[in-house]
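Listing of target39.cif, mmCIF, N, CA and C atoms
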data_start
loop_
_atom_site.label_atom_id
_atom_site.label_comp_id
_atom_site.auth_asym_id
_atom_site.auth_seq_id
_atom_site.Cartn_x
_atom_site.Cartn_y
_atom_site.Cartn_z
N MET T 8 -16.01 -30.25 -61.41
CA MET T 8 -14.67 -30.55 -61.90
C MET T 8 -13.65 -29.66 -61.20
N THR T 9 -12.56 -30.23 -60.81
CA THR T 9 -11.51 -29.51 -60.09
C THR T 9 -10.71 -28.64 -61.05
N GLN T 10 -10.45 -27.42 -60.63
CA GLN T 10 -9.61 -26.50 -61.41
C GLN T 10 -8.15 -26.85 -61.19
N PHE T 11 -7.34 -26.64 -62.21
CA PHE T 11 -5.91 -26.83 -62.07
C PHE T 11 -5.28 -25.59 -61.48
N CYS T 12 -4.21 -25.78 -60.73
CA CYS T 12 -3.47 -24.69 -60.10
C CYS T 12 -2.84 -23.81 -61.17
N ASP T 13 -2.91 -22.50 -60.99
CA ASP T 13 -2.24 -21.56 -61.88
C ASP T 13 -0.89 -21.21 -61.24
N PHE T 14 0.15 -21.88 -61.66
CA PHE T 14 1.47 -21.70 -61.06
C PHE T 14 2.02 -20.29 -61.29
N GLY T 15 1.60 -19.63 -62.35
CA GLY T 15 2.09 -18.29 -62.65
C GLY T 15 1.60 -17.23 -61.67
N THR T 16 0.38 -17.37 -61.19
CA THR T 16 -0.20 -16.36 -60.29
C THR T 16 -0.27 -16.82 -58.84
N LEU T 17 0.21 -18.01 -58.57
CA LEU T 17 0.18 -18.58 -57.23
C LEU T 17 0.91 -17.68 -56.23
N LYS T 18 0.30 -17.47 -55.07
CA LYS T 18 0.94 -16.73 -53.98
C LYS T 18 1.03 -17.65 -52.78
N LEU T 19 2.21 -17.77 -52.24
CA LEU T 19 2.41 -18.62 -51.08
C LEU T 19 1.87 -17.96 -49.82
N LYS T 20 1.46 -18.79 -48.87
CA LYS T 20 1.00 -18.30 -47.58
C LYS T 20 2.20 -18.10 -46.66
N ARG T 21 2.00 -17.48 -45.53
CA ARG T 21 3.08 -17.26 -44.58
C ARG T 21 3.41 -18.48 -43.74
N TRP T 22 2.52 -19.45 -43.73
CA TRP T 22 2.70 -20.63 -42.90
C TRP T 22 3.71 -21.59 -43.51
N PRO T 23 4.44 -22.33 -42.67
CA PRO T 23 5.41 -23.31 -43.18
C PRO T 23 4.76 -24.67 -43.47
N ASN T 24 3.64 -24.65 -44.18
CA ASN T 24 2.91 -25.88 -44.43
C ASN T 24 2.77 -26.17 -45.92
N GLN T 25 3.79 -25.76 -46.68
CA GLN T 25 3.70 -25.88 -48.13
C GLN T 25 5.09 -26.03 -48.72
N PHE T 26 5.14 -26.54 -49.95
CA PHE T 26 6.41 -26.67 -50.65
C PHE T 26 6.15 -26.47 -52.13
N LEU T 27 6.92 -25.55 -52.72
CA LEU T 27 6.77 -25.22 -54.14
C LEU T 27 8.08 -25.48 -54.86
N MET T 28 8.00 -26.27 -55.93
CA MET T 28 9.15 -26.54 -56.78
C MET T 28 8.77 -26.08 -58.19
N LEU T 29 9.62 -25.22 -58.77
CA LEU T 29 9.37 -24.71 -60.11
C LEU T 29 10.60 -24.87 -60.99
N PRO T 30 10.39 -24.94 -62.31
CA PRO T 30 11.53 -24.99 -63.22
C PRO T 30 12.32 -23.68 -63.17
N GLU T 31 13.58 -23.77 -63.49
CA GLU T 31 14.42 -22.57 -63.55
C GLU T 31 13.85 -21.61 -64.59
N GLY T 32 13.73 -20.35 -64.22
CA GLY T 32 13.24 -19.32 -65.13
C GLY T 32 11.73 -19.30 -65.32
N PHE T 33 11.00 -20.09 -64.56
CA PHE T 33 9.54 -20.14 -64.68
C PHE T 33 8.96 -18.80 -64.26
N ALA T 34 8.11 -18.23 -65.08
CA ALA T 34 7.49 -16.93 -64.79
C ALA T 34 6.39 -17.11 -63.76
N ALA T 35 6.70 -16.75 -62.52
CA ALA T 35 5.74 -16.94 -61.43
C ALA T 35 5.84 -15.80 -60.43
N VAL T 36 4.74 -15.50 -59.78
CA VAL T 36 4.71 -14.51 -58.71
C VAL T 36 5.45 -15.05 -57.49
N ALA T 37 5.19 -16.30 -57.16
CA ALA T 37 5.79 -16.92 -55.96
C ALA T 37 7.23 -17.33 -56.24
N GLU T 38 8.03 -17.28 -55.20
CA GLU T 38 9.40 -17.76 -55.29
C GLU T 38 9.42 -19.22 -54.84
N ALA T 39 9.99 -20.07 -55.68
CA ALA T 39 10.04 -21.50 -55.39
C ALA T 39 10.97 -21.79 -54.23
N HIS T 40 10.64 -22.84 -53.49
CA HIS T 40 11.53 -23.31 -52.44
C HIS T 40 12.75 -24.02 -53.03
N GLU T 41 12.53 -24.70 -54.17
CA GLU T 41 13.61 -25.38 -54.88
C GLU T 41 13.32 -25.36 -56.37
N THR T 42 14.38 -25.54 -57.16
CA THR T 42 14.27 -25.59 -58.61
C THR T 42 14.12 -27.04 -59.05
N SER T 43 13.20 -27.25 -59.96
CA SER T 43 12.94 -28.59 -60.47
C SER T 43 14.03 -29.01 -61.45
N PRO T 44 14.43 -30.27 -61.39
CA PRO T 44 15.41 -30.75 -62.38
C PRO T 44 14.77 -30.92 -63.75
N VAL T 45 15.61 -30.97 -64.77
CA VAL T 45 15.16 -31.25 -66.13
C VAL T 45 15.40 -32.73 -66.40
N PHE T 46 14.41 -33.37 -67.00
CA PHE T 46 14.49 -34.80 -67.30
C PHE T 46 14.63 -34.98 -68.81
N ARG T 47 15.50 -35.86 -69.20
CA ARG T 47 15.81 -36.09 -70.62
C ARG T 47 14.80 -37.05 -71.25
N GLU T 48 13.58 -36.58 -71.32
CA GLU T 48 12.50 -37.37 -71.92
C GLU T 48 11.38 -36.41 -72.31
N PRO T 49 10.53 -36.82 -73.22
CA PRO T 49 9.40 -35.96 -73.61
C PRO T 49 8.41 -35.79 -72.45
N PRO T 50 7.66 -34.69 -72.46
CA PRO T 50 6.70 -34.43 -71.38
C PRO T 50 5.72 -35.57 -71.12
N GLU T 51 5.23 -36.22 -72.17
CA GLU T 51 4.25 -37.29 -72.00
C GLU T 51 4.85 -38.47 -71.23
N ALA T 52 6.12 -38.78 -71.50
CA ALA T 52 6.79 -39.88 -70.80
C ALA T 52 6.99 -39.54 -69.33
N LEU T 53 7.39 -38.29 -69.05
CA LEU T 53 7.57 -37.87 -67.66
C LEU T 53 6.23 -37.90 -66.93
N TYR T 54 5.17 -37.43 -67.57
CA TYR T 54 3.84 -37.46 -66.98
C TYR T 54 3.46 -38.90 -66.59
N ASP T 55 3.65 -39.83 -67.52
CA ASP T 55 3.27 -41.22 -67.26
C ASP T 55 4.07 -41.82 -66.11
N ARG T 56 5.37 -41.55 -66.07
CA ARG T 56 6.20 -42.09 -64.98
C ARG T 56 5.80 -41.50 -63.64
N LEU T 57 5.57 -40.18 -63.60
CA LEU T 57 5.17 -39.56 -62.35
C LEU T 57 3.80 -40.04 -61.90
N LYS T 58 2.89 -40.20 -62.84
CA LYS T 58 1.55 -40.71 -62.50
C LYS T 58 1.65 -42.09 -61.86
N SER T 59 2.54 -42.94 -62.36
CA SER T 59 2.73 -44.28 -61.78
C SER T 59 3.29 -44.20 -60.37
N ILE T 60 4.25 -43.29 -60.16
CA ILE T 60 4.85 -43.11 -58.83
C ILE T 60 3.78 -42.63 -57.85
N VAL T 61 2.99 -41.65 -58.26
CA VAL T 61 1.94 -41.10 -57.40
C VAL T 61 0.89 -42.15 -57.10
N ALA T 62 0.49 -42.91 -58.11
CA ALA T 62 -0.56 -43.92 -57.93
C ALA T 62 -0.15 -45.01 -56.95
N ALA T 63 1.15 -45.24 -56.79
CA ALA T 63 1.64 -46.26 -55.87
C ALA T 63 1.67 -45.77 -54.42
N GLU T 64 1.46 -44.48 -54.21
CA GLU T 64 1.46 -43.91 -52.86
C GLU T 64 0.18 -44.30 -52.12
N PRO T 65 0.25 -44.44 -50.80
CA PRO T 65 -0.97 -44.74 -50.03
C PRO T 65 -1.87 -43.51 -49.89
N ARG T 66 -3.15 -43.76 -49.75
CA ARG T 66 -4.15 -42.74 -49.43
C ARG T 66 -4.23 -41.60 -50.45
N ILE T 67 -4.07 -41.93 -51.73
CA ILE T 67 -4.16 -40.94 -52.80
C ILE T 67 -5.59 -40.87 -53.31
N GLN T 68 -6.05 -39.66 -53.53
CA GLN T 68 -7.35 -39.42 -54.16
C GLN T 68 -7.11 -38.50 -55.35
N TRP T 69 -7.42 -38.97 -56.54
CA TRP T 69 -7.27 -38.15 -57.74
C TRP T 69 -8.42 -37.15 -57.80
N LEU T 70 -8.11 -35.90 -57.92
CA LEU T 70 -9.14 -34.87 -58.06
C LEU T 70 -9.36 -34.55 -59.53
N SER T 71 -8.27 -34.52 -60.29
CA SER T 71 -8.34 -34.24 -61.71
C SER T 71 -7.00 -34.58 -62.35
N LYS T 72 -7.04 -35.05 -63.57
CA LYS T 72 -5.80 -35.29 -64.31
C LYS T 72 -6.08 -35.15 -65.80
N ASP T 73 -5.10 -34.64 -66.52
CA ASP T 73 -5.23 -34.42 -67.95
C ASP T 73 -3.85 -34.63 -68.58
N ARG T 74 -3.65 -35.77 -69.19
CA ARG T 74 -2.36 -36.10 -69.79
C ARG T 74 -1.99 -35.12 -70.89
N GLY T 75 -2.97 -34.72 -71.69
CA GLY T 75 -2.72 -33.78 -72.79
C GLY T 75 -2.18 -32.45 -72.32
N GLN T 76 -2.67 -31.99 -71.17
CA GLN T 76 -2.18 -30.74 -70.58
C GLN T 76 -1.00 -30.98 -69.65
N GLY T 77 -0.74 -32.24 -69.33
CA GLY T 77 0.33 -32.56 -68.40
C GLY T 77 0.03 -32.11 -66.98
N ARG T 78 -1.23 -32.20 -66.59
CA ARG T 78 -1.66 -31.67 -65.29
C ARG T 78 -2.26 -32.76 -64.41
N MET T 79 -2.03 -32.63 -63.10
CA MET T 79 -2.62 -33.51 -62.10
C MET T 79 -2.98 -32.68 -60.87
N GLU T 80 -4.09 -32.99 -60.27
CA GLU T 80 -4.50 -32.44 -58.97
C GLU T 80 -4.89 -33.63 -58.11
N LEU T 81 -4.34 -33.72 -56.92
CA LEU T 81 -4.65 -34.85 -56.08
C LEU T 81 -4.61 -34.48 -54.61
N MET T 82 -5.11 -35.39 -53.81
CA MET T 82 -5.13 -35.24 -52.37
C MET T 82 -4.48 -36.49 -51.79
N GLN T 83 -3.65 -36.27 -50.78
CA GLN T 83 -3.09 -37.39 -50.04
C GLN T 83 -3.34 -37.14 -48.57
N ARG T 84 -3.87 -38.14 -47.89
CA ARG T 84 -4.20 -37.99 -46.47
C ARG T 84 -3.11 -38.59 -45.59
N SER T 85 -2.93 -37.97 -44.42
CA SER T 85 -1.95 -38.48 -43.47
C SER T 85 -2.42 -39.83 -42.91
N LYS T 86 -1.47 -40.61 -42.48
CA LYS T 86 -1.76 -41.99 -42.05
C LYS T 86 -2.64 -42.06 -40.81
N ILE T 87 -2.31 -41.33 -39.77
CA ILE T 87 -3.01 -41.47 -38.49
C ILE T 87 -4.32 -40.68 -38.45
N PHE T 88 -4.21 -39.36 -38.65
CA PHE T 88 -5.38 -38.50 -38.48
C PHE T 88 -6.14 -38.21 -39.77
N ARG T 89 -5.60 -38.67 -40.90
CA ARG T 89 -6.25 -38.49 -42.21
C ARG T 89 -6.38 -37.03 -42.62
N PHE T 90 -5.43 -36.18 -42.20
CA PHE T 90 -5.43 -34.78 -42.63
C PHE T 90 -5.11 -34.74 -44.13
N PRO T 91 -5.84 -33.91 -44.89
CA PRO T 91 -5.60 -33.86 -46.33
C PRO T 91 -4.49 -32.88 -46.71
N ASP T 92 -3.66 -33.31 -47.65
CA ASP T 92 -2.69 -32.44 -48.30
C ASP T 92 -3.08 -32.39 -49.77
N ARG T 93 -3.05 -31.20 -50.33
CA ARG T 93 -3.39 -31.00 -51.74
C ARG T 93 -2.10 -30.87 -52.54
N ILE T 94 -2.02 -31.55 -53.67
CA ILE T 94 -0.84 -31.51 -54.51
C ILE T 94 -1.25 -31.17 -55.94
N SER T 95 -0.60 -30.15 -56.50
CA SER T 95 -0.83 -29.73 -57.88
C SER T 95 0.45 -29.96 -58.66
N ILE T 96 0.31 -30.54 -59.84
CA ILE T 96 1.48 -30.88 -60.66
C ILE T 96 1.24 -30.44 -62.10
N ALA T 97 2.28 -29.85 -62.70
CA ALA T 97 2.26 -29.54 -64.12
C ALA T 97 3.58 -30.00 -64.73
N VAL T 98 3.49 -30.79 -65.78
CA VAL T 98 4.67 -31.16 -66.54
C VAL T 98 4.91 -30.04 -67.54
N VAL T 99 6.13 -29.51 -67.54
CA VAL T 99 6.47 -28.36 -68.36
C VAL T 99 7.46 -28.80 -69.43
N SER T 100 7.13 -28.49 -70.67
CA SER T 100 8.02 -28.83 -71.78
C SER T 100 9.25 -27.94 -71.75
N ALA T 101 10.41 -28.56 -71.96
CA ALA T 101 11.68 -27.83 -72.04
C ALA T 101 12.37 -28.31 -73.32
N ASN T 102 11.86 -27.82 -74.47
CA ASN T 102 12.29 -28.27 -75.79
C ASN T 102 11.98 -29.76 -75.94
N THR T 103 12.97 -30.62 -76.09
CA THR T 103 12.71 -32.06 -76.22
C THR T 103 12.74 -32.75 -74.88
N GLU T 104 12.94 -31.99 -73.82
CA GLU T 104 12.99 -32.53 -72.47
C GLU T 104 11.78 -32.03 -71.69
N ALA T 105 11.73 -32.36 -70.40
CA ALA T 105 10.59 -31.93 -69.58
C ALA T 105 11.05 -31.66 -68.16
N THR T 106 10.29 -30.83 -67.48
CA THR T 106 10.53 -30.53 -66.08
C THR T 106 9.16 -30.41 -65.40
N LEU T 107 9.16 -30.06 -64.13
CA LEU T 107 7.91 -30.07 -63.36
C LEU T 107 7.70 -28.80 -62.56
N ALA T 108 6.45 -28.46 -62.39
CA ALA T 108 6.02 -27.49 -61.38
C ALA T 108 5.16 -28.30 -60.41
N ILE T 109 5.51 -28.27 -59.12
CA ILE T 109 4.76 -29.02 -58.11
C ILE T 109 4.52 -28.13 -56.90
N TYR T 110 3.26 -28.08 -56.46
CA TYR T 110 2.90 -27.33 -55.26
C TYR T 110 2.16 -28.28 -54.34
N SER T 111 2.77 -28.59 -53.20
CA SER T 111 2.18 -29.49 -52.22
C SER T 111 1.94 -28.70 -50.94
N ARG T 112 0.71 -28.79 -50.39
CA ARG T 112 0.37 -27.99 -49.20
C ARG T 112 -0.68 -28.68 -48.37
N THR T 113 -0.66 -28.35 -47.07
CA THR T 113 -1.68 -28.86 -46.18
C THR T 113 -2.97 -28.07 -46.40
N VAL T 114 -4.07 -28.72 -46.17
CA VAL T 114 -5.36 -28.03 -46.26
C VAL T 114 -5.70 -27.40 -44.92
N PHE T 115 -5.34 -28.07 -43.83
CA PHE T 115 -5.61 -27.56 -42.48
C PHE T 115 -4.30 -27.52 -41.70
N GLY T 116 -4.18 -26.56 -40.81
CA GLY T 116 -3.03 -26.50 -39.92
C GLY T 116 -1.94 -25.56 -40.41
N GLY T 117 -1.10 -25.16 -39.49
CA GLY T 117 -0.07 -24.18 -39.79
C GLY T 117 1.31 -24.74 -40.00
N ASN T 118 1.55 -25.98 -39.57
CA ASN T 118 2.88 -26.57 -39.73
C ASN T 118 2.71 -28.00 -40.20
N ASP T 119 3.46 -28.37 -41.21
CA ASP T 119 3.36 -29.73 -41.75
C ASP T 119 4.55 -30.60 -41.40
N PHE T 120 5.50 -30.06 -40.61
CA PHE T 120 6.69 -30.81 -40.19
C PHE T 120 7.44 -31.37 -41.40
N ASN T 121 7.48 -30.58 -42.47
CA ASN T 121 8.19 -30.90 -43.72
C ASN T 121 7.63 -32.08 -44.50
N VAL T 122 6.40 -32.44 -44.24
CA VAL T 122 5.78 -33.56 -44.96
C VAL T 122 5.66 -33.25 -46.45
N ASN T 123 5.25 -32.04 -46.78
CA ASN T 123 5.07 -31.69 -48.19
C ASN T 123 6.39 -31.67 -48.94
N LYS T 124 7.42 -31.10 -48.35
CA LYS T 124 8.74 -31.09 -48.97
C LYS T 124 9.27 -32.51 -49.13
N THR T 125 9.15 -33.31 -48.11
CA THR T 125 9.63 -34.70 -48.14
C THR T 125 8.93 -35.48 -49.25
N ARG T 126 7.64 -35.29 -49.40
CA ARG T 126 6.86 -35.98 -50.45
C ARG T 126 7.39 -35.61 -51.83
N VAL T 127 7.49 -34.33 -52.10
CA VAL T 127 7.94 -33.88 -53.43
C VAL T 127 9.35 -34.39 -53.72
N LEU T 128 10.25 -34.26 -52.78
CA LEU T 128 11.62 -34.71 -53.00
C LEU T 128 11.70 -36.23 -53.17
N ARG T 129 10.83 -36.98 -52.49
CA ARG T 129 10.77 -38.44 -52.66
C ARG T 129 10.36 -38.77 -54.10
N TRP T 130 9.37 -38.06 -54.62
CA TRP T 130 8.92 -38.30 -55.99
C TRP T 130 10.00 -37.94 -57.00
N ILE T 131 10.70 -36.83 -56.77
CA ILE T 131 11.79 -36.41 -57.67
C ILE T 131 12.90 -37.46 -57.65
N THR T 132 13.24 -37.95 -56.48
CA THR T 132 14.27 -38.99 -56.36
C THR T 132 13.85 -40.25 -57.13
N ALA T 133 12.60 -40.63 -57.00
CA ALA T 133 12.10 -41.80 -57.73
C ALA T 133 12.17 -41.59 -59.24
N LEU T 134 11.86 -40.38 -59.69
CA LEU T 134 11.95 -40.07 -61.13
C LEU T 134 13.39 -40.13 -61.60
N LYS T 135 14.31 -39.60 -60.81
CA LYS T 135 15.72 -39.61 -61.19
C LYS T 135 16.30 -41.02 -61.24
N SER T 136 15.84 -41.88 -60.36
CA SER T 136 16.41 -43.22 -60.27
C SER T 136 15.75 -44.21 -61.21
N GLY T 137 14.61 -43.84 -61.77
CA GLY T 137 13.90 -44.83 -62.55
C GLY T 137 13.74 -44.52 -63.96
#
Please lay out the structure from this file as C-alpha cells.
Amino acid sequence: MTQFCDFGTLKLKRWPNQFLMLPEGFAAVAEAHETSPVFREPPEALYDRLKSIVAAEPRIQWLSKDRGQGRMELMQRSKIFRFPDRISIAVVSANTEATLAIYSRTVFGGNDFNVNKTRVLRWITALKSG
C-alpha cells in the first residue's frame, strides 16, 4: 500500500523538477511555490470534483486514494517517453470551506520544463471554473 505524503515534514529538492502548493498558514518545513485558493464548498465535495478532474487526465495511475482522509497519490506519465511524475494531494478543511495541498514532482531527471507547475495550475483553474 502506498504511503501518503506528509506535507508538514516535506523537504523540497534543489532541482527545478517539482511544484508545491500549500494553503495559507499551513505548518510545513518546505516553502510553497504558490498558495492554494480556498473553495467555498465542504472538503468532501472538493475531493470529489478534483478526483473527477484528475481521472479525466491521460496516463493516470492511481497509487492510493482515501476520500475520508481527503488524500490521493497518483502517477502521471509523459506522452512521448512515459516518464513518471508523482502527485500527492490532500484536501484541507478550512472551517466550512476547503483548500488543497498538492505536491507534483518528476521521479527521474533534473528539469521538468514546468510540467508539474502547469499540471497543478490547470487543475486549480478547472476547479475554479467548474
What residues come out when you apply the PyMOL selection byres ((chain T and resi 116) around 8) to this file, written as a PDB file with N, CA and C atoms, keeping the file's coordinate frame?
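Contents of part.pdb, as written:
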ATOM      1  N   TRP T  22       2.520 -19.450 -43.730  1.00  0.00           N
ATOM      2  CA  TRP T  22       2.700 -20.630 -42.900  1.00  0.00           C
ATOM      3  C   TRP T  22       3.710 -21.590 -43.510  1.00  0.00           C
ATOM      4  N   PRO T  23       4.440 -22.330 -42.670  1.00  0.00           N
ATOM      5  CA  PRO T  23       5.410 -23.310 -43.180  1.00  0.00           C
ATOM      6  C   PRO T  23       4.760 -24.670 -43.470  1.00  0.00           C
ATOM      7  N   ASN T  24       3.640 -24.650 -44.180  1.00  0.00           N
ATOM      8  CA  ASN T  24       2.910 -25.880 -44.430  1.00  0.00           C
ATOM      9  C   ASN T  24       2.770 -26.170 -45.920  1.00  0.00           C
ATOM     10  N   THR T 113      -0.660 -28.350 -47.070  1.00  0.00           N
ATOM     11  CA  THR T 113      -1.680 -28.860 -46.180  1.00  0.00           C
ATOM     12  C   THR T 113      -2.970 -28.070 -46.400  1.00  0.00           C
ATOM     13  N   VAL T 114      -4.070 -28.720 -46.170  1.00  0.00           N
ATOM     14  CA  VAL T 114      -5.360 -28.030 -46.260  1.00  0.00           C
ATOM     15  C   VAL T 114      -5.700 -27.400 -44.920  1.00  0.00           C
ATOM     16  N   PHE T 115      -5.340 -28.070 -43.830  1.00  0.00           N
ATOM     17  CA  PHE T 115      -5.610 -27.560 -42.480  1.00  0.00           C
ATOM     18  C   PHE T 115      -4.300 -27.520 -41.700  1.00  0.00           C
ATOM     19  N   GLY T 117      -1.100 -25.160 -39.490  1.00  0.00           N
ATOM     20  CA  GLY T 117      -0.070 -24.180 -39.790  1.00  0.00           C
ATOM     21  C   GLY T 117       1.310 -24.740 -40.000  1.00  0.00           C
ATOM     22  N   ASN T 118       1.550 -25.980 -39.570  1.00  0.00           N
ATOM     23  CA  ASN T 118       2.880 -26.570 -39.730  1.00  0.00           C
ATOM     24  C   ASN T 118       2.710 -28.000 -40.200  1.00  0.00           C
ATOM     25  N   ASP T 119       3.460 -28.370 -41.210  1.00  0.00           N
ATOM     26  CA  ASP T 119       3.360 -29.730 -41.750  1.00  0.00           C
ATOM     27  C   ASP T 119       4.550 -30.600 -41.400  1.00  0.00           C
TER      28      ASP T 119
END
With only C-alpha atoms as the basis for distance, which of T:Thr9, T:Lys58, T:Ala52, T:Phe26 is at the shortest distance from Asn123 of chain T?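 Closest to Asn123 of chain T of all the choices is T:Phe26.
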Apply the PyMOL selection byres ((chain T and resi 101) around 8) to the structure shown and report the selected residues as JSON, numbers by chain. {"T": [45, 46, 48, 49, 50, 98, 99, 100, 102, 103, 104, 105, 106]}
Using all atoms listed in the file: which of T:Tyr110, T:Thr132, T:Ala35, T:Met79 has the shortest distance to Gln10 of chain T: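 Of all the options, T:Met79 lies closest to Gln10 of chain T.
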Picked residues, the PyMOL selection byres (((chain T and resi 74 and name CA) around 12) and name CA), expected as an mmCIF file with N, CA and C atoms, in the coordinates of the input:
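Saved result, selection25.cif, follows:
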data_model
loop_
_atom_site.group_PDB
_atom_site.id
_atom_site.type_symbol
_atom_site.label_atom_id
_atom_site.label_comp_id
_atom_site.auth_asym_id
_atom_site.auth_seq_id
_atom_site.Cartn_x
_atom_site.Cartn_y
_atom_site.Cartn_z
ATOM 1 N N PRO T 50 7.660 -34.690 -72.460
ATOM 2 C CA PRO T 50 6.700 -34.430 -71.380
ATOM 3 C C PRO T 50 5.720 -35.570 -71.120
ATOM 4 N N GLU T 51 5.230 -36.220 -72.170
ATOM 5 C CA GLU T 51 4.250 -37.290 -72.000
ATOM 6 C C GLU T 51 4.850 -38.470 -71.230
ATOM 7 N N ALA T 52 6.120 -38.780 -71.500
ATOM 8 C CA ALA T 52 6.790 -39.880 -70.800
ATOM 9 C C ALA T 52 6.990 -39.540 -69.330
ATOM 10 N N LEU T 53 7.390 -38.290 -69.050
ATOM 11 C CA LEU T 53 7.570 -37.870 -67.660
ATOM 12 C C LEU T 53 6.230 -37.900 -66.930
ATOM 13 N N TYR T 54 5.170 -37.430 -67.570
ATOM 14 C CA TYR T 54 3.840 -37.460 -66.980
ATOM 15 C C TYR T 54 3.460 -38.900 -66.590
ATOM 16 N N ASP T 55 3.650 -39.830 -67.520
ATOM 17 C CA ASP T 55 3.270 -41.220 -67.260
ATOM 18 C C ASP T 55 4.070 -41.820 -66.110
ATOM 19 N N ARG T 56 5.370 -41.550 -66.070
ATOM 20 C CA ARG T 56 6.200 -42.090 -64.980
ATOM 21 C C ARG T 56 5.800 -41.500 -63.640
ATOM 22 N N LEU T 57 5.570 -40.180 -63.600
ATOM 23 C CA LEU T 57 5.170 -39.560 -62.350
ATOM 24 C C LEU T 57 3.800 -40.040 -61.900
ATOM 25 N N LYS T 58 2.890 -40.200 -62.840
ATOM 26 C CA LYS T 58 1.550 -40.710 -62.500
ATOM 27 C C LYS T 58 1.650 -42.090 -61.860
ATOM 28 N N SER T 71 -8.270 -34.520 -60.290
ATOM 29 C CA SER T 71 -8.340 -34.240 -61.710
ATOM 30 C C SER T 71 -7.000 -34.580 -62.350
ATOM 31 N N LYS T 72 -7.040 -35.050 -63.570
ATOM 32 C CA LYS T 72 -5.800 -35.290 -64.310
ATOM 33 C C LYS T 72 -6.080 -35.150 -65.800
ATOM 34 N N ASP T 73 -5.100 -34.640 -66.520
ATOM 35 C CA ASP T 73 -5.230 -34.420 -67.950
ATOM 36 C C ASP T 73 -3.850 -34.630 -68.580
ATOM 37 N N GLY T 75 -2.970 -34.720 -71.690
ATOM 38 C CA GLY T 75 -2.720 -33.780 -72.790
ATOM 39 C C GLY T 75 -2.180 -32.450 -72.320
ATOM 40 N N GLN T 76 -2.670 -31.990 -71.170
ATOM 41 C CA GLN T 76 -2.180 -30.740 -70.580
ATOM 42 C C GLN T 76 -1.000 -30.980 -69.650
ATOM 43 N N GLY T 77 -0.740 -32.240 -69.330
ATOM 44 C CA GLY T 77 0.330 -32.560 -68.400
ATOM 45 C C GLY T 77 0.030 -32.110 -66.980
ATOM 46 N N ARG T 78 -1.230 -32.200 -66.590
ATOM 47 C CA ARG T 78 -1.660 -31.670 -65.290
ATOM 48 C C ARG T 78 -2.260 -32.760 -64.410
ATOM 49 N N MET T 79 -2.030 -32.630 -63.100
ATOM 50 C CA MET T 79 -2.620 -33.510 -62.100
ATOM 51 C C MET T 79 -2.980 -32.680 -60.870
ATOM 52 N N GLU T 80 -4.090 -32.990 -60.270
ATOM 53 C CA GLU T 80 -4.500 -32.440 -58.970
ATOM 54 C C GLU T 80 -4.890 -33.630 -58.110
ATOM 55 N N ILE T 96 0.310 -30.540 -59.840
ATOM 56 C CA ILE T 96 1.480 -30.880 -60.660
ATOM 57 C C ILE T 96 1.240 -30.440 -62.100
ATOM 58 N N ALA T 97 2.280 -29.850 -62.700
ATOM 59 C CA ALA T 97 2.260 -29.540 -64.120
ATOM 60 C C ALA T 97 3.580 -30.000 -64.730
ATOM 61 N N VAL T 98 3.490 -30.790 -65.780
ATOM 62 C CA VAL T 98 4.670 -31.160 -66.540
ATOM 63 C C VAL T 98 4.910 -30.040 -67.540
ATOM 64 N N VAL T 99 6.130 -29.510 -67.540
ATOM 65 C CA VAL T 99 6.470 -28.360 -68.360
ATOM 66 C C VAL T 99 7.460 -28.800 -69.430
#
Top pick for closest residue to Pro30 of chain T, considering T:Ser59, T:Asp13, T:Ile109, T:Ile87 and counting only N, CA and C atoms: T:Ile109
With all atoms listed in the file as the basis for distance, which of T:Val127, T:Phe90, T:Asn121, T:Leu107 is at the shortest distance from Ser43 of chain T?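 That would be T:Leu107, the residue with the smallest distance to Ser43 of chain T.
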Just asking: which residues within segment 9-132 of chain T are helix (DSSP H, G or I) according to DSSP, as an MDAnalysis selection string? chainID T and resid 50:62 122:132
